[in-house]
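Chemist: Submitted below is the structure of interest, expressed as structure tokens.
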Amino acid sequence: MYDQWSEAVIVLTQKSDTDPGIKGMAQTSARISYGFMCLTLCWGVFTATGWIKSLTGRKALRNSHMVLGILTLSFGVVHAMSFLFLPDGFTLAQISIPLLPGTLARHELGVIGLEVMIAVALTGGISRFSSYRRFLWIHRLAYPAVAITALHSFFGAMANGHLGLLWFGGITLLVPVVLLTTLRFTPTRYLERLGLVEELV
């Protein structure tokens with residue numbers, strides 16, 4: 001009986017060199033997560049600034065921002081977990097512990113980016129039990145996390161030989177993120193001079 005169980009475990013955990021399905025799942029989940037990440041940050045800027053509050057209520061904006069964030073993390077976790085089954089021999093420690101010796105830098109960027117986003121999401125859920133200033137400081141860590149994850153995506157596409165076509169799409173999604181982030185942290189007086197926001201009388 002013990003031998004049958006051990007054989008079953010070996011078969012289930014064996015990494016196949018010929019199964020392209022796992023690699024395809026890792027790539028697809030990464031691309032979907034990247035797209036939702038860009039949408040989440042853009043929608044978060046709209047929520048924080050109230051620039052599109054006239055289209056919908058603030059509660060609806062915040063809830064949709066949370067849904068986009070959950071989708072981003074879900075596909076990001078699927079992407080990370082699929083590496084456990086690739087023939088390269090990733091371990092749970094390599095996909096969960098940042099700055100582990102022997103891990104490639106591009107994978108480290110992905111681990112750090114995903115874990116910072118998970119921390120931001122968790123603190124968003126317990127914001128009512130913390131001061132607003134502390135919550136805001138932690139929540140703004142999402143901006144560097146997006147930058148780190150974008151670098152991870154860039155180096156990953158480069159390593160897989162998909163830089164040309166895929167990163168064209170990646171840059172297309174990244175442009176509004178960079179633009180909105182820049183506008184988000186630009187002082188209001190400069191935006192008023194440019195005519196991007198109305199001057200308060």
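Ordered as shown in the structure tokens, chains take letters A, B, and onward, while each chain numbers its residues from 1 and ligands are numbered from 1 in the order shown.
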Name all residues at most 6 Å from segment 40-51 of chain A (count only C-alpha atoms; drop same-chain ones fewer than 5 positions away) and give them as a ChimeraX atom specification.

Modeler: /A:61,65,68-69,177

Chemist: Convert the current residue selection to file output with N, CA and C atoms, as a PDB file, in the first residue's frame.

Modeler:
ATOM      1  N   LEU A  61     -16.054  52.946  -7.831  1.00  0.00           N
ATOM      2  CA  LEU A  61     -14.665  53.053  -8.282  1.00  0.00           C
ATOM      3  C   LEU A  61     -13.756  52.201  -7.414  1.00  0.00           C
ATOM      4  N   HIS A  65     -11.701  48.780  -8.467  1.00  0.00           N
ATOM      5  CA  HIS A  65     -10.246  48.774  -8.289  1.00  0.00           C
ATOM      6  C   HIS A  65      -9.820  47.515  -7.524  1.00  0.00           C
ATOM      7  N   LEU A  68     -10.088  44.416  -9.860  1.00  0.00           N
ATOM      8  CA  LEU A  68      -8.944  44.359 -10.773  1.00  0.00           C
ATOM      9  C   LEU A  68      -7.686  43.903 -10.048  1.00  0.00           C
ATOM     10  N   GLY A  69      -7.504  44.374  -8.819  1.00  0.00           N
ATOM     11  CA  GLY A  69      -6.345  43.964  -8.024  1.00  0.00           C
ATOM     12  C   GLY A  69      -6.369  42.477  -7.710  1.00  0.00           C
ATOM     13  N   VAL A 177      -0.083  53.812 -17.889  1.00  0.00           N
ATOM     14  CA  VAL A 177       0.314  53.665 -16.483  1.00  0.00           C
ATOM     15  C   VAL A 177       1.330  54.734 -16.107  1.00  0.00           C
TER      16      VAL A 177
END

Chemist: What is the atom CA of Met25 of chain A to atom CA of Gly125 of chain A distance in Å?

Modeler: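 Answer for the atom CA of Met25 of chain A to atom CA of Gly125 of chain A separation: 28.9 Å.
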
Chemist: For Ile126 of chain A, list every protein, DNA or RNA residue within 12 Å, evaluated using only C-alpha atoms, and leave out those in the same chain fewer than 5 positions away; present the list as a ChimeraX atom specification.

Modeler: /A:119-121,131-132,134-135,138-139

Chemist: Using only C-alpha atoms, which residues of segment 139-183 of chain A come within 12 Å of segment 82-104 of chain A, and what is the closest atom pair for each, with the distance in Å to one decimal? Give it as CSV, sorted by chain and residue number.

Modeler:
residue,atom,partner,partner_atom,distance
A:His152,CA,A:Leu104,CA,10.7
A:Phe155,CA,A:Leu104,CA,10.6
A:Gly156,CA,A:Leu104,CA,10.6
A:Ala159,CA,A:Leu104,CA,11.1

Chemist: One number please: atom CA of Leu73 of chain A to atom CA of Val175 of chain A, in Å, one decimal.

Modeler: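 So the two atoms, atom CA of Leu73 of chain A and atom CA of Val175 of chain A, lie 21.1 Å apart.
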
Chemist: Point out the residue among A:Thr186, A:Gln27, A:Thr181, A:Ser33 with the least atom-to-atom distance to Val77 of chain A, counting only C-alpha atoms.

Modeler: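 Of all the options, A:Ser33 lies closest to Val77 of chain A.
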
Chemist: Could you tell me which of A:Cys38, A:Ala157, A:Ala80, A:Ala147 comes closest to Val111 of chain A if we count only C-alpha atoms?

Modeler: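 Checking each of A:Cys38, A:Ala157, A:Ala80, A:Ala147 against Val111 of chain A, counting only C-alpha atoms, the winner is A:Ala80.
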
Chemist: Suppose you want the space between atom CA of Met66 of chain A and atom CA of Gly124 of chain A; what is it in Å?

Modeler: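 Atom-to-atom, atom CA of Met66 of chain A and atom CA of Gly124 of chain A are spaced 8.8 Å apart.
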
Chemist: Can you list, as a count of residues only, all residues belonging to segment 25-151 of chain A that DSSP tags as alpha helix (DSSP H)?

Modeler: 94
